[in-house]
$ cat final.pdb   # PDB, C-alpha atoms
ATOM      1  CA  MET A 151      -3.052  26.611  -0.357
ATOM      2  CA  ILE A 152      -0.260  28.767  -1.757
ATOM      3  CA  ALA A 153       1.091  25.760  -3.692
ATOM      4  CA  THR A 154      -2.332  25.139  -5.196
ATOM      5  CA  ILE A 155      -2.595  28.756  -6.317
ATOM      6  CA  LEU A 156       0.874  28.572  -7.882
ATOM      7  CA  VAL A 157      -0.016  25.385  -9.816
ATOM      8  CA  LEU A 158      -3.248  26.916 -11.103
ATOM      9  CA  GLY A 159      -1.360  30.042 -12.143
ATOM     10  CA  LEU A 160       1.231  28.051 -14.049
ATOM     11  CA  MET A 161      -1.500  26.047 -15.814
ATOM     12  CA  LEU A 162      -3.272  29.267 -16.827
ATOM     13  CA  LEU A 163       0.011  30.752 -18.056
ATOM     14  CA  ALA A 164       0.807  27.634 -20.096
ATOM     15  CA  SER A 165      -2.628  27.602 -21.697
ATOM     16  CA  THR A 166      -2.197  31.273 -22.604
ATOM     17  CA  PHE A 167       1.047  30.517 -24.419
ATOM     18  CA  VAL A 168      -0.603  27.653 -26.329
ATOM     19  CA  TRP A 169      -3.412  29.868 -27.515
ATOM     20  CA  ALA A 170      -1.000  32.680 -28.305
ATOM     21  CA  ASP A 171       1.087  30.346 -30.470
ATOM     22  CA  ALA A 172      -2.045  29.157 -32.246
ATOM     23  CA  ASP A 173      -3.086  32.748 -32.920
ATOM     24  CA  LYS A 174       0.309  33.421 -34.471
ATOM     25  CA  MET A 175       0.112  30.470 -36.851
ATOM     26  CA  PRO A 176       0.021  31.815 -40.436
ATOM     27  CA  GLU A 177      -3.106  31.402 -42.496
ATOM     28  CA  PRO A 178      -2.662  29.204 -45.598
ATOM     29  CA  ASN A 179      -1.916  31.421 -48.569
ATOM     30  CA  ALA A 180      -1.941  30.857 -52.312
ATOM     31  CA  SER A 181       1.744  29.958 -52.487
ATOM     32  CA  MET A 182       1.357  27.352 -49.741
ATOM     33  CA  THR A 183      -1.689  25.871 -51.485
ATOM     34  CA  GLN A 184       0.166  25.752 -54.789
ATOM     35  CA  ALA A 185       3.157  24.122 -53.135
ATOM     36  CA  ALA A 186       0.932  21.495 -51.557
ATOM     37  CA  SER A 187      -0.740  20.709 -54.876
ATOM     38  CA  ALA A 188       2.508  20.723 -56.884
ATOM     39  CA  PRO A 189       3.083  16.949 -56.606
ATOM     40  CA  GLU A 190      -0.455  16.329 -57.850
ATOM     41  CA  GLN A 191       0.060  18.743 -60.744
ATOM     42  CA  THR A 192       3.375  17.093 -61.559
ATOM     43  CA  ALA A 193       1.701  13.686 -61.526
ATOM     44  CA  ASN A 194      -1.017  14.940 -63.883
ATOM     45  CA  GLN A 195       1.548  16.484 -66.226
ATOM     46  CA  THR A 196       3.524  13.247 -66.227
ATOM     47  CA  ALA A 197       0.373  11.275 -67.031
ATOM     48  CA  ASN A 198      -0.340  13.617 -69.936
ATOM     49  CA  ARG A 199       3.115  12.878 -71.335
ATOM     50  CA  ILE A 200       2.566   9.114 -71.262
ATOM     51  CA  ALA A 201       0.505   7.515 -74.029
ATOM     52  CA  PRO A 202      -1.952   4.761 -73.077
ATOM     53  CA  PRO A 203      -0.031   1.475 -73.361
ATOM     54  CA  PRO A 204      -1.083  -1.111 -75.954
ATOM     55  CA  VAL A 205      -2.410  -4.496 -74.938
ATOM     56  CA  ILE A 206      -1.784  -7.842 -76.601
ATOM     57  CA  ALA A 207      -5.102  -9.446 -77.487
ATOM     58  CA  ASP A 208      -5.988 -13.123 -77.827
ATOM     59  CA  ASP A 209      -5.162 -12.997 -81.538
ATOM     60  CA  GLY A 210      -1.601 -11.916 -80.718
ATOM     61  CA  LEU A 211      -1.993  -8.389 -82.093
ATOM     62  CA  HIS A 212      -0.952  -5.278 -80.225
ATOM     63  CA  LYS A 213      -4.001  -3.075 -79.713
ATOM     64  CA  GLN A 214      -4.507   0.480 -78.572
ATOM     65  CA  PRO A 215      -7.238   0.689 -75.910
ATOM     66  CA  TRP A 216      -9.051   3.307 -77.994
ATOM     67  CA  PHE A 217      -9.228   1.268 -81.219
ATOM     68  CA  LEU A 218     -12.773   0.877 -82.499
ATOM     69  CA  ASP A 219     -14.749  -2.149 -81.330
ATOM     70  CA  SER A 220     -17.659  -2.511 -83.745
ATOM     71  CA  PHE A 221     -19.862  -4.928 -85.683
ATOM     72  CA  LEU A 222     -17.374  -4.585 -88.581
ATOM     73  CA  GLU A 223     -19.913  -3.017 -90.921
ATOM     74  CA  LEU A 224     -17.547  -0.603 -92.595
ATOM     75  CA  ALA A 225     -20.023   1.874 -94.055
ATOM     76  CA  ASP A 226     -21.596   2.236 -90.608
ATOM     77  CA  ASP A 227     -18.169   2.621 -88.995
ATOM     78  CA  LEU A 228     -17.314   5.432 -91.394
ATOM     79  CA  ALA A 229     -20.647   7.128 -90.692
ATOM     80  CA  GLU A 230     -20.031   6.846 -86.936
ATOM     81  CA  ALA A 231     -16.578   8.387 -87.303
ATOM     82  CA  GLN A 232     -17.990  11.277 -89.290
ATOM     83  CA  ALA A 233     -20.732  11.810 -86.700
ATOM     84  CA  GLN A 234     -17.917  12.344 -84.185
ATOM     85  CA  GLY A 235     -16.213  14.842 -86.490
ATOM     86  CA  LYS A 236     -13.398  12.388 -87.237
ATOM     87  CA  ARG A 237     -11.954  10.539 -90.221
ATOM     88  CA  PHE A 238     -12.102   6.756 -90.564
ATOM     89  CA  ALA A 239      -9.041   4.537 -90.983
ATOM     90  CA  ILE A 240      -8.334   0.807 -90.957
ATOM     91  CA  VAL A 241      -4.980  -0.568 -89.816
ATOM     92  CA  TRP A 242      -4.048  -4.052 -91.023
ATOM     93  CA  GLU A 243      -1.704  -6.053 -88.806
ATOM     94  CA  GLN A 244      -0.649  -9.655 -88.233
ATOM     95  CA  LYS A 245       0.737 -11.698 -85.360
ATOM     96  CA  GLY A 246       4.523 -11.754 -85.128
ATOM     97  CA  CYS A 247       4.965  -8.698 -87.355
ATOM     98  CA  PRO A 248       7.951  -6.723 -85.962
ATOM     99  CA  TYR A 249       6.950  -3.509 -87.699
ATOM    100  CA  CYS A 250       3.418  -3.803 -86.331
ATOM    101  CA  GLU A 251       4.939  -3.956 -82.866
ATOM    102  CA  GLU A 252       7.091  -0.938 -83.731
ATOM    103  CA  LEU A 253       3.952   0.913 -84.760
ATOM    104  CA  HIS A 254       2.692   0.585 -81.184
ATOM    105  CA  THR A 255       5.896   0.739 -79.143
ATOM    106  CA  ALA A 256       7.497   3.622 -81.069
ATOM    107  CA  ASN A 257       4.868   5.611 -82.986
ATOM    108  CA  PHE A 258       1.783   5.336 -80.798
ATOM    109  CA  ALA A 259       4.014   5.506 -77.712
ATOM    110  CA  LYS A 260       4.655   9.167 -78.507
ATOM    111  CA  PRO A 261       1.894  11.021 -76.633
ATOM    112  CA  GLU A 262       1.575  13.819 -79.187
ATOM    113  CA  ILE A 263       1.009  11.284 -81.994
ATOM    114  CA  ASN A 264      -1.285   9.112 -79.902
ATOM    115  CA  ARG A 265      -3.377  12.092 -78.854
ATOM    116  CA  TYR A 266      -3.620  13.539 -82.376
ATOM    117  CA  VAL A 267      -4.784  10.252 -83.873
ATOM    118  CA  ARG A 268      -7.281   9.613 -81.059
ATOM    119  CA  ASP A 269      -8.697  13.126 -81.343
ATOM    120  CA  ASN A 270      -9.055  13.127 -85.118
ATOM    121  CA  PHE A 271      -9.567   9.540 -86.270
ATOM    122  CA  VAL A 272     -11.619   6.460 -85.586
ATOM    123  CA  VAL A 273      -9.255   3.543 -86.173
ATOM    124  CA  LEU A 274     -10.396  -0.028 -86.767
ATOM    125  CA  GLN A 275      -7.817  -2.810 -86.578
ATOM    126  CA  LEU A 276      -8.167  -5.825 -88.875
ATOM    127  CA  ASN A 277      -6.124  -9.026 -88.877
ATOM    128  CA  LEU A 278      -4.480  -9.983 -92.170
ATOM    129  CA  TRP A 279      -5.198 -13.654 -91.371
ATOM    130  CA  GLY A 280      -8.340 -13.133 -89.300
ATOM    131  CA  ASP A 281     -11.652 -14.966 -89.540
ATOM    132  CA  ARG A 282     -14.019 -12.308 -88.226
ATOM    133  CA  GLN A 283     -16.816 -11.490 -90.640
ATOM    134  CA  VAL A 284     -16.603  -8.001 -92.132
ATOM    135  CA  THR A 285     -19.204  -6.211 -94.247
ATOM    136  CA  ASP A 286     -17.442  -4.318 -97.024
ATOM    137  CA  PHE A 287     -18.779  -0.992 -98.295
ATOM    138  CA  ASP A 288     -20.359  -2.799-101.244
ATOM    139  CA  GLY A 289     -22.322  -5.050 -98.877
ATOM    140  CA  GLU A 290     -20.262  -8.209 -99.360
ATOM    141  CA  VAL A 291     -19.689 -10.125 -96.124
ATOM    142  CA  LEU A 292     -16.403 -11.994 -95.893
ATOM    143  CA  ALA A 293     -13.644 -12.947 -93.470
ATOM    144  CA  GLU A 294     -10.871 -10.478 -92.677
ATOM    145  CA  LYS A 295      -8.309 -12.558 -94.589
ATOM    146  CA  ALA A 296     -10.585 -12.702 -97.638
ATOM    147  CA  LEU A 297     -11.165  -8.951 -97.449
ATOM    148  CA  ALA A 298      -7.399  -8.432 -97.319
ATOM    149  CA  ARG A 299      -7.026 -10.436-100.536
ATOM    150  CA  LYS A 300      -9.913  -8.564-102.150
ATOM    151  CA  TRP A 301      -8.314  -5.221-101.344
ATOM    152  CA  GLY A 302      -4.813  -6.374-102.273
ATOM    153  CA  VAL A 303      -3.261  -5.934 -98.825
ATOM    154  CA  VAL A 304       0.203  -7.526 -98.874
ATOM    155  CA  PHE A 305       2.176  -5.588 -96.227
ATOM    156  CA  THR A 306       1.675  -5.110 -92.515
ATOM    157  CA  PRO A 307       1.168  -2.667 -91.132
ATOM    158  CA  THR A 308      -0.955  -1.118 -93.853
ATOM    159  CA  ILE A 309      -3.279   1.760 -93.033
ATOM    160  CA  HIS A 310      -6.203   2.655 -95.266
ATOM    161  CA  PHE A 311      -7.601   6.177 -94.919
ATOM    162  CA  PHE A 312     -11.112   6.589 -96.269
ATOM    163  CA  VAL A 313     -12.901   9.447 -97.957
ATOM    164  CA  GLU A 314     -15.767  11.165 -96.202
ATOM    165  CA  LYS A 315     -19.307   9.845 -96.477
ATOM    166  CA  ARG A 316     -20.390  12.401 -99.079
ATOM    167  CA  GLU A 317     -17.464  11.319-101.279
ATOM    168  CA  LEU A 318     -18.210   7.594-101.308
ATOM    169  CA  LYS A 319     -18.235   6.206-104.837
ATOM    170  CA  SER A 320     -21.216   4.243-106.109
ATOM    171  CA  GLY A 321     -21.337   1.537-108.743
ATOM    172  CA  GLU A 322     -24.193  -0.034-110.667
ATOM    173  CA  SER A 323     -25.511  -1.982-107.688
ATOM    174  CA  GLY A 324     -24.518   0.251-104.783
ATOM    175  CA  LEU A 325     -21.341   1.469-103.146
ATOM    176  CA  GLU A 326     -17.956   0.458-104.475
ATOM    177  CA  PRO A 327     -15.780  -1.771-102.231
ATOM    178  CA  GLY A 328     -13.495  -0.221 -99.641
ATOM    179  CA  ASN A 329     -10.349  -0.268-101.748
ATOM    180  CA  LYS A 330     -12.150   2.094-104.145
ATOM    181  CA  GLN A 331     -13.057   4.507-101.330
ATOM    182  CA  LEU A 332      -9.580   5.561-100.242
ATOM    183  CA  ALA A 333      -8.210   9.032 -99.634
ATOM    184  CA  ALA A 334      -4.704   7.704 -98.920
ATOM    185  CA  THR A 335      -2.802   4.549 -97.987
ATOM    186  CA  MET A 336       0.202   3.928 -95.762
ATOM    187  CA  PRO A 337       1.693   0.799 -97.402
ATOM    188  CA  GLY A 338       4.017  -0.412 -94.663
ATOM    189  CA  TYR A 339       5.715   0.995 -91.590
ATOM    190  CA  PHE A 340       6.514   4.717 -91.490
ATOM    191  CA  ARG A 341       8.812   6.178 -88.846
ATOM    192  CA  PRO A 342       7.152   8.599 -86.393
ATOM    193  CA  PHE A 343       7.761  11.824 -88.342
ATOM    194  CA  HIS A 344       6.305  10.504 -91.610
ATOM    195  CA  PHE A 345       3.617   8.594 -89.711
ATOM    196  CA  ALA A 346       2.362  11.739 -87.983
ATOM    197  CA  ARG A 347       2.484  13.724 -91.215
ATOM    198  CA  MET A 348       0.324  11.103 -92.949
ATOM    199  CA  PHE A 349      -2.466  11.544 -90.415
ATOM    200  CA  GLU A 350      -2.204  15.339 -90.731
ATOM    201  CA  TYR A 351      -2.193  14.986 -94.519
ATOM    202  CA  VAL A 352      -5.512  13.144 -94.440
ATOM    203  CA  ARG A 353      -7.150  15.161 -91.679
ATOM    204  CA  ASP A 354      -6.365  18.449 -93.438
ATOM    205  CA  ARG A 355      -7.337  17.029 -96.844
ATOM    206  CA  GLN A 356      -3.924  17.883 -98.245
ATOM    207  CA  TYR A 357      -4.267  14.954-100.653
ATOM    208  CA  GLU A 358      -6.466  17.262-102.712
ATOM    209  CA  ARG A 359      -3.528  19.639-103.133
ATOM    210  CA  LEU A 360      -0.341  17.619-103.538
ATOM    211  CA  HIS A 361       1.384  14.240-103.296
ATOM    212  CA  PHE A 362       2.276  13.000 -99.819
ATOM    213  CA  GLN A 363       6.039  13.123-100.433
ATOM    214  CA  LYS A 364       5.805  16.774-101.448
ATOM    215  CA  TYR A 365       3.739  17.464 -98.338
ATOM    216  CA  VAL A 366       6.451  15.871 -96.179
ATOM    217  CA  ALA A 367       9.114  17.945 -97.944
ATOM    218  CA  GLU A 368       7.150  21.105 -97.120
ATOM    219  CA  LYS A 369       6.937  20.150 -93.441
ATOM    220  CA  VAL A 370      10.641  19.319 -93.239
ATOM    221  CA  LYS A 371      11.507  22.689 -94.783
ATOM    222  CA  GLU A 372       9.183  24.539 -92.376
ATOM    223  CA  LYS A 373      10.723  22.919 -89.312
ATOM    224  CA  ARG A 374      14.306  23.433 -90.429
ATOM    225  CA  GLU A 375      13.653  27.082 -91.253
ATOM    226  CA  ALA A 376      12.258  27.420 -87.732
ATOM    227  CA  GLY A 377      15.515  26.020 -86.365
ATOM    228  CA  LYS A 378      14.029  22.693 -85.290
ATOM    229  CA  ASP A 379      15.645  19.294 -85.697
ATOM    230  CA  VAL A 380      13.803  16.821 -87.898
ATOM    231  CA  ASP A 381      14.230  13.113 -87.215
ATOM    232  CA  ILE A 382      13.301  11.519 -90.509
TER     233      ILE A 382
END
$ encode --input "final.pdb" --output "structure tokens"
Amino acid sequence: MIATILVLGLMLLASTFVWADADKMPEPNASMTQAASAPEQTANQTANRIAPPPVIADDGLHKQPWFLDSFLELADDLAEAQAQGKRFAIVWEQKGCPYCEELHTANFAKPEINRYVRDNFVVLQLNLWGDRQVTDFDGEVLAEKALARKWGVVFTPTIHFFVEKRELKSGESGLEPGNKQLAATMPGYFRPFHFARMFEYVRDRQYERLHFQKYVAEKVKEKREAGKDVDI
């Protein structure tokens, strides 16, 4: 009987200590919550620093996942870009072009460039030797490679930046072709600094004020005066 009472007493005492320890456990506070979520925040920050990787399509071209996929009716594509508050650009590339690859693996790989272009431009990729049917601004329907010849595209990558819809030029029978509707052209590969400045130059309509090379010189001077290195 005495042994039974002692066992029950010890069990009661043990349970009291368990509950006492539980009562003393600290409540989660803000710092603990922040610490627990830190890995998730770090993962999100890391993701924000990584640009979406390009893919290699069936035609052998590197493509950004956000490039425009359309019916290739260029006047409509420009109108759609403007409806989104963006400018319209066409990038010409070809299979096996080392500088086209560099465009994707160096320039678009920089998250700040990738994000700026995605946020401010609708970009359509055309193949210098492609057979897809494209409707030019003047209404003519022709293959990509024929359009390239019509517009005089001889280098890849070449990027055509178009005027806004209200600025489109008209001829006797309708709109002028696309090569007459340009705000600026990037005739070949530009390294990241110049590449980024070109998109800013068009977005901010700086082509109305000065030549692109003078615009770049201004930006280089600004950064150096601010004590920043410029990789040109």
$ residues_around --input "final.pdb" --residues "Leu276 of chain A" --least-positions-apart "5" --cutoff "9 Å" --atoms "all atoms listed in the file" --output "list of chain:residue names"
A:Ile240, A:Val241, A:Trp242, A:Glu243, A:Gln244, A:Arg282, A:Glu294, A:Lys295, A:Ala298
$ closest_residue --input "final.pdb" --among "A:Leu360, A:Val291, A:Leu228, A:Met336" --to "Met348 of chain A" --atoms "all atoms listed in the file"
A:Met336
$ resolve_selection --input "final.pdb" --expression "the PyMOL selection byres ((chain A and resi 357) around 12)" --output "list in words"
Phe311, Phe312, Val313, Leu332, Ala333, Ala334, Thr335, Arg347, Met348, Phe349, Glu350, Tyr351, Val352, Arg353, Asp354, Arg355, Gln356, Glu358, Arg359, Leu360, His361, Phe362, Gln363, Lys364, Tyr365 and Val366 of chain A
$ atom_distance --input "final.pdb" --atom1 "atom CA of Ala207 of chain A" --atom2 "atom CA of Asn277 of chain A"
11.4 Å
$ atom_distance --input "final.pdb" --atom1 "atom CA of Thr308 of chain A" --atom2 "atom CA of Ser323 of chain A"
28.2 Å
$ resolve_selection --input "final.pdb" --expression "the PyMOL selection byres ((chain A and resi 267) around 12)" --output "PyMOL selection string"
chain A and resi 201+214+216-217+236-239+257-266+268-273+345-353
$ atom_distance --input "final.pdb" --atom1 "atom CA of His344 of chain A" --atom2 "atom CA of Asn329 of chain A"
22.3 Å
$ axis_aligned_box --input "final.pdb" --around "segment 334-344 of chain A" --padding-each-side "4 Å" --output "AutoDock Vina command-line options"
--center_x 2.1 --center_y 5.7 --center_z -92.7 --size_x 21.5 --size_y 20.2 --size_z 20.5
$ residues_around --input "final.pdb" --residues "Phe305 of chain A" --least-positions-apart "2" --cutoff "7 Å" --atoms "only C-alpha atoms" --output "PyMOL selection string"
chain A and resi 303+307-308+337-338
$ residues_around --input "final.pdb" --residues "Glu326 of chain A" --least-positions-apart "5" --cutoff "12 Å" --atoms "all atoms listed in the file" --output "count of residues only"
15
$ residues_around --input "final.pdb" --residues "Lys245 of chain A" --least-positions-apart "6" --cutoff "9 Å" --atoms "all atoms listed in the file" --output "CSV table (one decimal) with C-alpha atoms, in the coordinates of the input"
chain,number,residue,atom,x,y,z
A,209,ASP,CA,-5.2,-13.0,-81.5
A,210,GLY,CA,-1.6,-11.9,-80.7
A,211,LEU,CA,-2.0,-8.4,-82.1
A,212,HIS,CA,-1.0,-5.3,-80.2
A,277,ASN,CA,-6.1,-9.0,-88.9
A,278,LEU,CA,-4.5,-10.0,-92.2
A,279,TRP,CA,-5.2,-13.7,-91.4
$ closest_residue --input "final.pdb" --among "A:Leu274, A:Leu222, A:Phe340, A:Lys330" --to "Leu292 of chain A" --atoms "all atoms listed in the file"
A:Leu222
$ decode --input "final.pdb" --residues "segment 244-298 of chain A" --atoms "C-alpha atoms" --output "PDB file, in the first residue's frame"
ATOM      1  CA  GLN A 244      20.716  33.111 -86.705  1.00  0.00           C
ATOM      2  CA  LYS A 245      21.773  29.594 -85.777  1.00  0.00           C
ATOM      3  CA  GLY A 246      25.452  29.207 -84.939  1.00  0.00           C
ATOM      4  CA  CYS A 247      25.985  32.935 -84.379  1.00  0.00           C
ATOM      5  CA  PRO A 248      28.494  33.285 -81.491  1.00  0.00           C
ATOM      6  CA  TYR A 249      27.512  36.866 -80.746  1.00  0.00           C
ATOM      7  CA  CYS A 250      23.841  35.897 -80.632  1.00  0.00           C
ATOM      8  CA  GLU A 251      24.754  33.353 -77.979  1.00  0.00           C
ATOM      9  CA  GLU A 252      26.735  36.042 -76.153  1.00  0.00           C
ATOM     10  CA  LEU A 253      23.661  38.251 -76.225  1.00  0.00           C
ATOM     11  CA  HIS A 254      21.845  35.642 -74.134  1.00  0.00           C
ATOM     12  CA  THR A 255      24.625  34.208 -71.974  1.00  0.00           C
ATOM     13  CA  ALA A 256      26.258  37.547 -71.098  1.00  0.00           C
ATOM     14  CA  ASN A 257      23.823  40.436 -71.615  1.00  0.00           C
ATOM     15  CA  PHE A 258      20.449  38.900 -70.820  1.00  0.00           C
ATOM     16  CA  ALA A 259      22.094  36.815 -68.086  1.00  0.00           C
ATOM     17  CA  LYS A 260      22.521  40.002 -66.059  1.00  0.00           C
ATOM     18  CA  PRO A 261      19.322  40.221 -63.989  1.00  0.00           C
ATOM     19  CA  GLU A 262      19.187  44.020 -63.979  1.00  0.00           C
ATOM     20  CA  ILE A 263      19.346  44.103 -67.799  1.00  0.00           C
ATOM     21  CA  ASN A 264      16.938  41.206 -68.206  1.00  0.00           C
ATOM     22  CA  ARG A 265      14.431  42.777 -65.838  1.00  0.00           C
ATOM     23  CA  TYR A 266      14.661  46.242 -67.418  1.00  0.00           C
ATOM     24  CA  VAL A 267      14.079  44.914 -70.923  1.00  0.00           C
ATOM     25  CA  ARG A 268      11.207  42.656 -69.818  1.00  0.00           C
ATOM     26  CA  ASP A 269       9.543  45.490 -67.912  1.00  0.00           C
ATOM     27  CA  ASN A 270       9.836  48.075 -70.670  1.00  0.00           C
ATOM     28  CA  PHE A 271       9.861  46.261 -74.012  1.00  0.00           C
ATOM     29  CA  VAL A 272       8.016  43.644 -75.990  1.00  0.00           C
ATOM     30  CA  VAL A 273      10.704  41.792 -77.936  1.00  0.00           C
ATOM     31  CA  LEU A 274      10.016  39.641 -80.985  1.00  0.00           C
ATOM     32  CA  GLN A 275      12.770  37.348 -82.246  1.00  0.00           C
ATOM     33  CA  LEU A 276      13.098  36.723 -85.986  1.00  0.00           C
ATOM     34  CA  ASN A 277      15.397  34.281 -87.767  1.00  0.00           C
ATOM     35  CA  LEU A 278      17.661  35.739 -90.453  1.00  0.00           C
ATOM     36  CA  TRP A 279      17.158  32.546 -92.497  1.00  0.00           C
ATOM     37  CA  GLY A 280      13.674  31.675 -91.259  1.00  0.00           C
ATOM     38  CA  ASP A 281      10.635  30.661 -93.290  1.00  0.00           C
ATOM     39  CA  ARG A 282       7.844  31.830 -91.002  1.00  0.00           C
ATOM     40  CA  GLN A 283       5.436  34.209 -92.695  1.00  0.00           C
ATOM     41  CA  VAL A 284       5.579  37.765 -91.362  1.00  0.00           C
ATOM     42  CA  THR A 285       3.224  40.642 -92.149  1.00  0.00           C
ATOM     43  CA  ASP A 286       5.252  43.828 -92.519  1.00  0.00           C
ATOM     44  CA  PHE A 287       3.851  47.191 -91.429  1.00  0.00           C
ATOM     45  CA  ASP A 288       2.972  47.954 -95.050  1.00  0.00           C
ATOM     46  CA  GLY A 289       0.849  44.794 -95.251  1.00  0.00           C
ATOM     47  CA  GLU A 290       3.244  42.710 -97.342  1.00  0.00           C
ATOM     48  CA  VAL A 291       3.429  39.079 -96.222  1.00  0.00           C
ATOM     49  CA  LEU A 292       6.786  37.392 -96.703  1.00  0.00           C
ATOM     50  CA  ALA A 293       9.166  34.910 -95.102  1.00  0.00           C
ATOM     51  CA  GLU A 294      11.524  36.040 -92.348  1.00  0.00           C
ATOM     52  CA  LYS A 295      14.555  35.690 -94.636  1.00  0.00           C
ATOM     53  CA  ALA A 296      12.857  37.772 -97.334  1.00  0.00           C
ATOM     54  CA  LEU A 297      11.909  40.416 -94.774  1.00  0.00           C
ATOM     55  CA  ALA A 298      15.534  40.520 -93.624  1.00  0.00           C
TER      56      ALA A 298
END
